[in-house]
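data-v7.tsv (TSV, C-alpha atoms and all ligand atoms) appears below.
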```
chain	number	residue	atom	x	y	z
Z	203	MET	CA	0.00	0.00	0.00
Z	204	THR	CA	1.44	3.37	-0.95
Z	205	GLU	CA	1.93	6.22	1.48
Z	206	GLY	CA	-1.16	8.40	1.84
Z	207	SER	CA	-3.67	6.01	0.35
Z	208	SER	CA	-6.28	4.33	2.51
Z	209	ALA	CA	-6.80	0.59	2.62
Z	210	PRO	CA	-9.65	-0.69	0.50
Z	211	ARG	CA	-12.99	-1.38	2.14
Z	212	LEU	CA	-14.29	-4.82	1.26
Z	213	GLY	CA	-18.01	-5.52	1.35
Z	214	ILE	CA	-19.48	-9.01	1.14
Z	215	ASP	CA	-23.19	-9.72	0.65
Z	216	LEU	CA	-24.05	-13.22	1.79
Z	217	GLY	CA	-27.34	-14.15	0.18
Z	218	GLY	CA	-29.36	-17.32	0.14
Z	219	THR	CA	-28.15	-18.32	-3.31
Z	220	LYS	CA	-25.17	-16.08	-4.08
Z	221	ILE	CA	-22.25	-14.31	-2.47
Z	222	ALA	CA	-21.32	-10.93	-3.92
Z	223	GLY	CA	-18.27	-8.86	-3.08
Z	224	ILE	CA	-16.83	-5.43	-3.75
Z	225	ALA	CA	-13.68	-3.53	-2.85
Z	226	LEU	CA	-14.04	0.25	-2.53
Z	227	GLY	CA	-10.93	2.40	-2.75
Z	228	THR	CA	-10.28	6.07	-2.15
Z	229	GLY	CA	-13.33	8.17	-3.04
Z	230	ASP	CA	-15.42	4.98	-3.11
Z	231	ARG	CA	-13.88	3.97	-6.42
Z	232	VAL	CA	-14.72	0.33	-7.22
Z	233	LEU	CA	-11.42	-1.59	-7.25
Z	234	ALA	CA	-12.86	-5.09	-7.56
Z	235	GLU	CA	-16.20	-6.86	-7.87
Z	236	HIS	CA	-17.02	-10.55	-7.80
Z	237	ARG	CA	-19.97	-12.92	-7.48
Z	238	ALA	CA	-20.11	-16.62	-6.66
Z	239	PRO	CA	-22.81	-19.15	-5.82
Z	240	ALA	CA	-23.52	-19.45	-2.10
Z	241	PRO	CA	-23.24	-22.95	-0.63
Z	242	ARG	CA	-26.66	-23.99	0.67
Z	243	GLU	CA	-27.29	-25.96	3.84
Z	244	ASP	CA	-23.55	-26.12	4.54
Z	245	TYR	CA	-22.10	-23.82	7.17
Z	246	ALA	CA	-18.41	-24.81	6.81
Z	247	GLN	CA	-18.56	-24.27	3.06
Z	248	THR	CA	-20.21	-20.89	3.62
Z	249	ILE	CA	-17.25	-19.76	5.75
Z	250	ALA	CA	-14.81	-21.05	3.13
Z	251	ALA	CA	-16.70	-19.32	0.31
Z	252	ILE	CA	-16.61	-15.96	2.12
Z	253	GLY	CA	-12.89	-16.51	2.77
Z	254	ALA	CA	-12.27	-17.21	-0.91
Z	255	MET	CA	-14.23	-14.08	-1.86
Z	256	VAL	CA	-12.14	-11.90	0.47
Z	257	LEU	CA	-8.91	-13.35	-0.90
Z	258	HIS	CA	-10.01	-12.78	-4.49
Z	259	LEU	CA	-11.07	-9.17	-3.84
Z	260	GLU	CA	-7.81	-8.37	-2.05
Z	261	GLN	CA	-5.78	-9.86	-4.90
Z	262	VAL	CA	-7.60	-7.80	-7.52
Z	263	ALA	CA	-7.55	-4.64	-5.37
Z	264	GLY	CA	-3.86	-5.15	-4.68
Z	265	ALA	CA	-4.08	-4.68	-0.92
Z	266	ALA	CA	-5.64	-6.12	2.19
Z	267	GLY	CA	-8.55	-4.11	3.57
Z	268	SER	CA	-11.31	-3.92	6.11
Z	269	VAL	CA	-14.07	-6.51	5.73
Z	270	GLY	CA	-17.77	-5.87	6.25
Z	271	VAL	CA	-20.31	-8.63	5.72
Z	272	GLY	CA	-24.02	-8.27	5.13
Z	273	MET	CA	-25.95	-11.37	6.19
Z	274	PRO	CA	-29.53	-12.52	6.44
Z	275	GLY	CA	-30.57	-12.10	10.07
Z	276	SER	CA	-28.00	-10.77	12.51
Z	277	ILE	CA	-25.57	-11.68	15.26
Z	278	SER	CA	-27.31	-11.78	18.65
Z	279	PRO	CA	-25.46	-9.47	21.04
Z	280	ALA	CA	-26.57	-11.75	23.88
Z	281	THR	CA	-25.19	-15.02	22.52
Z	282	GLY	CA	-22.77	-14.01	19.76
Z	283	LEU	CA	-24.59	-16.46	17.49
Z	284	ALA	CA	-26.43	-15.87	14.22
Z	285	GLN	CA	-30.19	-15.41	14.57
Z	286	ASN	CA	-33.22	-14.72	12.38
Z	287	ALA	CA	-31.61	-15.82	9.09
Z	288	ASN	CA	-33.98	-17.27	6.53
Z	289	SER	CA	-30.84	-19.13	5.37
Z	290	THR	CA	-31.63	-21.17	8.46
Z	291	TRP	CA	-28.40	-23.22	8.46
Z	292	LEU	CA	-26.63	-20.07	9.69
Z	293	ASN	CA	-28.79	-19.74	12.80
Z	294	GLY	CA	-27.11	-20.71	16.05
Z	295	GLN	CA	-23.65	-20.60	14.45
Z	296	ALA	CA	-20.82	-18.37	15.70
Z	297	LEU	CA	-20.58	-16.73	12.29
Z	298	ALA	CA	-18.63	-13.62	13.35
Z	299	ARG	CA	-16.14	-15.53	15.49
Z	300	ASP	CA	-15.65	-18.29	12.92
Z	301	LEU	CA	-15.13	-15.80	10.08
Z	302	GLU	CA	-12.58	-13.82	12.09
Z	303	ALA	CA	-10.73	-17.04	12.94
Z	304	TYR	CA	-10.78	-18.07	9.28
Z	305	LEU	CA	-9.71	-14.67	7.91
Z	306	LYS	CA	-7.40	-13.85	10.84
Z	307	HIS	CA	-8.57	-10.25	11.06
Z	308	PRO	CA	-11.56	-8.42	12.51
Z	309	ILE	CA	-14.75	-8.15	10.53
Z	310	ARG	CA	-18.05	-6.36	10.98
Z	311	LEU	CA	-21.31	-8.09	10.27
Z	312	ALA	CA	-24.72	-6.51	9.80
Z	313	ASN	CA	-28.12	-7.50	8.56
Z	314	ASP	CA	-28.34	-7.33	4.76
Z	315	ALA	CA	-31.24	-4.88	4.82
Z	316	ASN	CA	-29.22	-2.66	7.16
Z	317	CYS	CA	-26.41	-2.68	4.59
Z	318	PHE	CA	-28.93	-1.77	1.88
Z	319	ALA	CA	-30.29	1.13	3.96
Z	320	LEU	CA	-26.81	2.38	4.83
Z	321	SER	CA	-25.73	2.39	1.20
Z	322	GLU	CA	-28.84	4.10	-0.14
Z	323	ALA	CA	-28.68	6.70	2.65
Z	324	ALA	CA	-24.99	7.42	2.04
Z	325	ASP	CA	-24.98	8.04	-1.71
Z	326	GLY	CA	-28.15	6.53	-3.10
Z	327	ALA	CA	-31.86	7.31	-3.20
Z	328	GLY	CA	-31.77	8.64	0.37
Z	329	ILE	CA	-28.81	10.97	-0.06
Z	330	GLY	CA	-29.28	14.20	1.86
Z	331	ALA	CA	-32.14	12.81	3.97
Z	332	ARG	CA	-31.69	12.79	7.72
Z	333	SER	CA	-33.77	9.65	8.19
Z	334	VAL	CA	-34.11	6.72	5.81
Z	335	PHE	CA	-36.02	3.46	6.03
Z	336	GLY	CA	-34.54	0.91	3.63
Z	337	VAL	CA	-36.76	-2.04	2.78
Z	338	ILE	CA	-35.86	-5.26	1.03
Z	339	LEU	CA	-38.75	-7.03	-0.64
Z	340	GLY	CA	-37.21	-10.18	-2.05
Z	341	THR	CA	-37.26	-13.76	-0.84
Z	342	GLY	CA	-37.81	-12.17	2.58
Z	343	CYS	CA	-38.94	-8.82	3.92
Z	344	GLY	CA	-36.12	-6.98	5.69
Z	345	GLY	CA	-35.64	-3.41	6.80
Z	346	GLY	CA	-32.98	-1.06	8.06
Z	347	LEU	CA	-33.12	2.36	9.71
Z	348	VAL	CA	-30.52	5.08	9.17
Z	349	TYR	CA	-30.54	8.35	11.08
Z	350	GLY	CA	-27.90	11.03	10.54
Z	351	GLY	CA	-25.82	8.62	8.48
Z	352	HIS	CA	-25.76	5.92	11.15
Z	353	LEU	CA	-27.61	2.64	11.40
Z	354	ILE	CA	-30.02	2.45	14.28
Z	355	ASP	CA	-29.31	-0.67	16.23
Z	356	GLY	CA	-29.93	-1.78	19.74
Z	357	PRO	CA	-29.55	-4.46	22.39
Z	358	ASN	CA	-31.19	-7.12	20.20
Z	359	SER	CA	-29.50	-6.14	16.94
Z	360	ILE	CA	-32.89	-6.00	15.19
Z	361	GLY	CA	-33.26	-2.27	14.44
Z	362	GLY	CA	-35.58	-1.85	11.45
Z	363	GLU	CA	-36.70	-5.49	11.41
Z	364	TRP	CA	-40.36	-5.04	10.54
Z	365	GLY	CA	-40.95	-8.22	8.51
Z	366	HIS	CA	-42.07	-10.44	11.39
Z	367	ASN	CA	-44.57	-8.01	12.82
Z	368	PRO	CA	-48.12	-8.97	11.90
Z	369	LEU	CA	-49.96	-7.25	9.07
Z	370	PRO	CA	-51.60	-4.18	10.65
Z	371	TRP	CA	-55.21	-3.11	10.06
Z	372	ALA	CA	-55.84	-6.65	8.85
Z	373	THR	CA	-59.28	-7.41	7.44
Z	374	GLY	CA	-61.29	-10.50	8.35
Z	375	ASP	CA	-60.02	-12.67	5.51
Z	376	GLU	CA	-56.42	-11.75	6.41
Z	377	HIS	CA	-56.69	-13.43	9.81
Z	378	PRO	CA	-54.81	-15.36	11.04
Z	379	GLY	CA	-52.62	-15.23	7.94
Z	380	PRO	CA	-50.14	-17.68	6.41
Z	381	ARG	CA	-47.72	-19.58	8.59
Z	382	CYS	CA	-44.20	-18.08	8.57
Z	383	TRP	CA	-40.87	-19.93	8.78
Z	384	CYS	CA	-40.23	-18.01	12.04
Z	385	GLY	CA	-43.06	-19.90	13.76
Z	386	ARG	CA	-45.56	-17.03	13.81
Z	387	ARG	CA	-48.59	-16.51	11.59
Z	388	GLY	CA	-49.47	-13.59	9.37
Z	389	CYS	CA	-46.03	-11.94	9.45
Z	390	LEU	CA	-45.59	-9.09	6.97
Z	391	GLU	CA	-43.02	-11.26	5.21
Z	392	THR	CA	-45.67	-13.86	4.37
Z	393	TRP	CA	-47.65	-11.16	2.52
Z	394	LEU	CA	-45.06	-8.76	1.13
Z	395	SER	CA	-42.09	-10.86	-0.05
Z	396	GLY	CA	-41.87	-12.25	-3.58
Z	397	PRO	CA	-42.92	-15.75	-2.44
Z	398	GLY	CA	-45.64	-14.11	-0.33
Z	399	LEU	CA	-47.05	-12.30	-3.36
Z	400	GLU	CA	-46.97	-15.50	-5.41
Z	401	ALA	CA	-48.64	-17.54	-2.66
Z	402	ASP	CA	-51.38	-14.93	-2.31
Z	403	HIS	CA	-52.09	-15.07	-6.04
Z	404	LEU	CA	-52.21	-18.88	-5.88
Z	405	ARG	CA	-54.67	-18.83	-2.96
Z	406	ALA	CA	-56.90	-16.29	-4.69
Z	407	THR	CA	-56.92	-17.77	-8.19
Z	408	GLY	CA	-55.52	-21.31	-8.07
Z	409	SER	CA	-52.94	-20.15	-10.61
Z	410	ARG	CA	-49.21	-20.51	-9.92
Z	411	LEU	CA	-47.34	-17.51	-11.37
Z	412	ALA	CA	-43.92	-15.98	-10.65
Z	413	ALA	CA	-43.95	-12.42	-9.35
Z	414	GLU	CA	-42.60	-10.98	-12.60
Z	415	ASP	CA	-45.32	-12.81	-14.56
Z	416	ILE	CA	-48.00	-11.48	-12.22
Z	417	ALA	CA	-46.70	-7.97	-12.97
Z	418	ALA	CA	-46.52	-8.62	-16.72
Z	419	HIS	CA	-50.06	-10.05	-16.90
Z	420	ALA	CA	-51.42	-7.11	-14.91
Z	421	ALA	CA	-49.69	-4.66	-17.26
Z	422	SER	CA	-51.49	-6.26	-20.20
Z	423	GLY	CA	-54.88	-5.66	-18.58
Z	424	ASP	CA	-55.46	-8.97	-16.80
Z	425	ALA	CA	-57.89	-8.38	-13.91
Z	426	PRO	CA	-57.00	-11.23	-11.48
Z	427	THR	CA	-53.28	-10.40	-11.48
Z	428	GLN	CA	-54.08	-6.70	-11.10
Z	429	ALA	CA	-56.22	-7.56	-8.08
Z	430	THR	CA	-53.26	-9.47	-6.60
Z	431	LEU	CA	-50.99	-6.45	-7.08
Z	432	ASP	CA	-53.64	-4.20	-5.52
Z	433	ARG	CA	-53.91	-6.43	-2.43
Z	434	HIS	CA	-50.12	-6.50	-2.15
Z	435	ALA	CA	-49.80	-2.71	-2.44
Z	436	SER	CA	-52.50	-2.22	0.21
Z	437	ARG	CA	-50.73	-4.56	2.62
Z	438	LEU	CA	-47.33	-3.01	1.92
Z	439	ALA	CA	-48.80	0.44	2.56
Z	440	ARG	CA	-50.29	-0.65	5.89
Z	441	GLY	CA	-46.98	-2.19	6.94
Z	442	LEU	CA	-45.06	0.94	5.95
Z	443	ALA	CA	-47.57	3.18	7.76
Z	444	HIS	CA	-46.73	1.40	11.00
Z	445	VAL	CA	-43.05	2.25	10.50
Z	446	VAL	CA	-43.88	5.85	9.52
Z	447	ASN	CA	-45.85	6.26	12.74
Z	448	VAL	CA	-42.82	5.16	14.78
Z	449	PHE	CA	-39.81	6.50	12.85
Z	450	ASP	CA	-41.25	9.10	10.44
Z	451	PRO	CA	-38.53	8.65	7.80
Z	452	GLU	CA	-37.91	11.40	5.25
Z	453	VAL	CA	-37.35	8.76	2.59
Z	454	ILE	CA	-38.42	5.14	2.23
Z	455	VAL	CA	-36.25	3.25	-0.28
Z	456	LEU	CA	-37.44	-0.06	-1.68
Z	457	GLY	CA	-34.98	-2.79	-2.65
Z	458	GLY	CA	-35.05	-6.45	-3.60
Z	459	GLY	CA	-36.79	-8.03	-6.57
Z	460	LEU	CA	-40.20	-6.46	-5.92
Z	461	SER	CA	-38.69	-2.95	-5.92
Z	462	LYS	CA	-38.90	-3.30	-9.72
Z	463	LEU	CA	-42.71	-3.07	-9.51
Z	464	ALA	CA	-42.94	0.48	-10.87
Z	465	HIS	CA	-46.55	1.05	-9.80
Z	466	LEU	CA	-45.55	0.95	-6.13
Z	467	TYR	CA	-43.88	4.38	-6.27
Z	468	GLU	CA	-47.08	5.89	-7.68
Z	469	VAL	CA	-49.63	4.30	-5.40
Z	470	LEU	CA	-47.85	3.85	-2.07
Z	471	PRO	CA	-47.82	7.47	-0.80
Z	472	GLY	CA	-51.58	7.72	-1.23
Z	473	LEU	CA	-52.20	4.29	0.29
Z	474	VAL	CA	-49.93	4.91	3.28
Z	475	ALA	CA	-51.28	8.38	4.10
Z	476	PRO	CA	-54.71	7.41	5.57
Z	477	HIS	CA	-52.95	5.31	8.22
Z	478	VAL	CA	-50.41	7.99	9.20
Z	479	PHE	CA	-51.11	9.91	12.40
Z	480	ALA	CA	-50.67	13.38	10.89
Z	481	ASP	CA	-52.93	16.09	9.40
Z	482	ALA	CA	-51.22	16.26	6.01
Z	483	PRO	CA	-48.98	13.21	5.74
Z	484	ARG	CA	-45.88	13.45	3.58
Z	485	VAL	CA	-44.51	10.09	2.54
Z	486	ALA	CA	-41.69	9.69	-0.01
Z	487	VAL	CA	-41.12	6.23	-1.46
Z	488	LYS	CA	-38.21	5.88	-3.88
Z	489	PRO	CA	-36.62	3.16	-6.00
Z	490	PRO	CA	-33.02	2.31	-5.11
Z	491	ARG	CA	-30.09	3.93	-6.85
Z	492	TRP	CA	-27.76	0.99	-6.48
Z	493	GLY	CA	-30.28	-1.86	-6.41
Z	494	ASP	CA	-28.70	-5.20	-5.59
Z	495	ALA	CA	-25.26	-3.56	-5.38
Z	496	SER	CA	-26.33	-1.73	-2.22
Z	497	GLY	CA	-25.81	-4.97	-0.31
Z	498	VAL	CA	-22.06	-5.01	-0.95
Z	499	ARG	CA	-21.67	-1.23	-0.91
Z	500	GLY	CA	-23.35	-0.94	2.47
Z	501	ALA	CA	-21.34	-3.86	3.86
Z	502	ALA	CA	-18.13	-2.07	2.82
Z	503	ARG	CA	-19.45	1.04	4.61
Z	504	LEU	CA	-19.66	-0.81	7.93
Z	505	TRP	CA	-16.10	0.45	8.31
Z	506	ALA	CA	-15.33	4.17	8.05
Z	507	ALA	CA	-13.32	5.31	5.03
Z	508	GLU	CA	-10.25	6.07	7.14
Z	509	HIS	CA	-9.25	3.59	9.78
M	1	ZN	ZN	-42.27	-14.48	10.61
```
Structure rendered as C-alpha cells:
Amino acid sequence: MTEGSSAPRLGIDLGGTKIAGIALGTGDRVLAEHRAPAPREDYAQTIAAIGAMVLHLEQVAGAAGSVGVGMPGSISPATGLAQNANSTWLNGQALARDLEAYLKHPIRLANDANCFALSEAADGAGIGARSVFGVILGTGCGGGLVYGGHLIDGPNSIGGEWGHNPLPWATGDEHPGPRCWCGRRGCLETWLSGPGLEADHLRATGSRLAAEDIAAHAASGDAPTQATLDRHASRLARGLAHVVNVFDPEVIVLGGGLSKLAHLYEVLPGLVAPHVFADAPRVAVKPPRWGDASGVRGAARLWAAEH
C-alpha cells in the first residue's frame, strides 16, 4: 500500500443463493467486484466461500482491507450467534467468530437490509435525507433504519426489522394469515415478499405464477393479477404506515426483486397516508439507486473510510 492512500474497504453480501463482493478504494472507487454461488445448507462451506471471496477481492484490489459482511438475520449481542436468518443453516452458528478465525482479522457483520439502507442513505436514493427506512422485498422482507448517516441498532440487533410483525389493520379474511418460517402466523413477510405475493395469487386464483409474470399479466390488462398487485400494495402500505408512525422517515427506499414493480412508487404514498397519524402526511417512497449492489456497498461502509 502506498503512502497516503487508505486501505480498500471490502463488502461481502451473503445471500441465500449467491455471495457478492466489492472492494471500494479512495473516493469509493470500485477496485474489484465478484460474485459466486452461495453454498446452501452447509455452514463450513459458507465460511470457506466468504474466505475465498475476500482473498479474491484483495488480490484484484492489490491490498488487504477492512471486511464488512451483510448477512440474512443478525448476530445476537446476547449469545454471539447468528439469529433470524432465513438461510436457516446459519442460525445458532458463531458466524462472526468463525469468520474472524478463518480470515485472521476483525470483521463487521450486519443485517443485509441494514447494509442496503446504509448504502442508499450514504450516496443513493436517500442521499441528503436525515432519516431513511430501507426495505428489502425479495425472498424475505427486511428493513434497516438510518438516522444522521448511522444505522439504528440496539440491544437485540434487530433495528428496522419489521418483517415479522403482523400485518396491521388486517381485514377479516387476512386473519390469522399464512404460517411463517419463524413460527408465527401472518407476518408481513408472508404477505409482502416475492414468495408471499406468489402464494397470495395462488390462494386467490388457483394459478401458480412468478412475481414478474403477475406484474406482466397485470400490465397487459389482466384483472386477477391486477387484483393481486392491488392487495399486495395495500398490505405493503399498511406495513409501511406502522413504520412511519414510529420512525417518520424522510425517505423510504425499496430494494429487492419487488422494488422493480414500478406502480408501487405511484400508489404507495396515497395508500400509506390514511394510516399515518398526521394532518397532512408526507410520505416519499423511492426506487433504489444501487439496487442489488447496495448490499455489498453498504457492507463495505460498515467500516469508516479512514481507519
Ligand atoms: Zn415471521
(request) Work out how far apart atom CA of Ala425 of chain Z and atom CA of Ala412 of chain Z are and give it in Å to one decimal. (result)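 It comes out at 16.2 Å.
Near Gly267 of chain Z, within a cut-off of 6 Å and counting all atoms listed in the file, sit the residues Ala209, Pro210 and Arg211 of chain Z, with same-chain residues fewer than 3 positions away left out.
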(request) Find, counting only C-alpha atoms, the residue in Z:Pro368, Z:Gly362, Z:Gly336, Z:Gly497 that gets nearest to Cys384 of chain Z. (result) Z:Pro368
Write out as a PDB file with C-alpha atoms, in the frame of the given file the residues lying within 10 Å of Ser409 of chain Z, counting all atoms listed in the file and excluding same-chain residues fewer than 6 positions away.
```pdb
ATOM      1  CA  GLU Z 400     -46.970 -15.500  -5.410  1.00  0.00           C
ATOM      2  CA  ALA Z 401     -48.640 -17.540  -2.660  1.00  0.00           C
ATOM      3  CA  ASP Z 402     -51.380 -14.930  -2.310  1.00  0.00           C
ATOM      4  CA  HIS Z 403     -52.090 -15.070  -6.040  1.00  0.00           C
ATOM      5  CA  PRO Z 426     -57.000 -11.230 -11.480  1.00  0.00           C
ATOM      6  CA  THR Z 427     -53.280 -10.400 -11.480  1.00  0.00           C
TER       7      THR Z 427
END
```
(message) Excluding segment 296-311 of chain Z and its own-chain neighbours fewer than 2 positions away, which residues fall within 6 Å of it when counting only C-alpha atoms? Please give them as a ChimeraX atom specification.
(response) /Z:269-272,283
(request) Could you tell me which of Z:Gly388, Z:Gly218, Z:Gly472, Z:Pro489 comes closest to ligand ZN 1 (chain M) if we count only C-alpha atoms and all ligand atoms? (result)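 Of all the options, Z:Gly388 lies closest to ligand ZN 1 (chain M).
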(request) Find the residue from Z:Leu438, Z:Cys317, Z:Ala413, Z:Ala429 that sits nearest to Trp364 of chain Z; use all atoms listed in the file when measuring. (result) Z:Leu438
(request) Go ahead and compute the interatomic distance for atom CA of Thr392 of chain Z and atom CA of Val498 of chain Z, in Å to one decimal. (result)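 Interatomic distance, atom CA of Thr392 of chain Z to atom CA of Val498 of chain Z: 25.8 Å.
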(request) Do a neighbour search on Tyr349 of chain Z at 9 Å with only C-alpha atoms, toss out local chain neighbours closer than 5 positions, and write the hits as a VMD selection string. (result) chain Z and resid 323 331 to 335 354 451
(request) Identify, counting all atoms listed in the file, the protein, DNA and RNA residues located within 8 Å of ligand ZN 1 (chain M), and give them as a list in words. (result)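 So, counting all atoms listed in the file, the residues near ligand ZN 1 (chain M) are Gly365, His366, Asn367, Arg381, Cys382, Trp383, Cys384, Gly385, Arg386, Arg387, Gly388, Cys389, Leu390, Glu391 and Thr392 of chain Z.
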Mind listing whatever residues come within 12 Å of the point (-46.8, 3.9, -10.1)? Use all atoms listed in the file, file coordinates, and give them as a PDB file with C-alpha atoms, keeping the file's coordinate frame.
```pdb
ATOM      1  CA  ALA Z 421     -49.690  -4.660 -17.260  1.00  0.00           C
ATOM      2  CA  LEU Z 431     -50.990  -6.450  -7.080  1.00  0.00           C
ATOM      3  CA  ASP Z 432     -53.640  -4.200  -5.520  1.00  0.00           C
ATOM      4  CA  ALA Z 435     -49.800  -2.710  -2.440  1.00  0.00           C
ATOM      5  CA  SER Z 461     -38.690  -2.950  -5.920  1.00  0.00           C
ATOM      6  CA  LYS Z 462     -38.900  -3.300  -9.720  1.00  0.00           C
ATOM      7  CA  LEU Z 463     -42.710  -3.070  -9.510  1.00  0.00           C
ATOM      8  CA  ALA Z 464     -42.940   0.480 -10.870  1.00  0.00           C
ATOM      9  CA  HIS Z 465     -46.550   1.050  -9.800  1.00  0.00           C
ATOM     10  CA  LEU Z 466     -45.550   0.950  -6.130  1.00  0.00           C
ATOM     11  CA  TYR Z 467     -43.880   4.380  -6.270  1.00  0.00           C
ATOM     12  CA  GLU Z 468     -47.080   5.890  -7.680  1.00  0.00           C
ATOM     13  CA  VAL Z 469     -49.630   4.300  -5.400  1.00  0.00           C
ATOM     14  CA  LEU Z 470     -47.850   3.850  -2.070  1.00  0.00           C
ATOM     15  CA  PRO Z 471     -47.820   7.470  -0.800  1.00  0.00           C
ATOM     16  CA  GLY Z 472     -51.580   7.720  -1.230  1.00  0.00           C
ATOM     17  CA  LEU Z 473     -52.200   4.290   0.290  1.00  0.00           C
ATOM     18  CA  VAL Z 487     -41.120   6.230  -1.460  1.00  0.00           C
ATOM     19  CA  LYS Z 488     -38.210   5.880  -3.880  1.00  0.00           C
ATOM     20  CA  PRO Z 489     -36.620   3.160  -6.000  1.00  0.00           C
TER      21      PRO Z 489
END
```
(request) Could you jot down the atom CA of Asp450 of chain Z to atom CA of Pro483 of chain Z separation for me, Å, one decimal place? (result) 9.9 Å
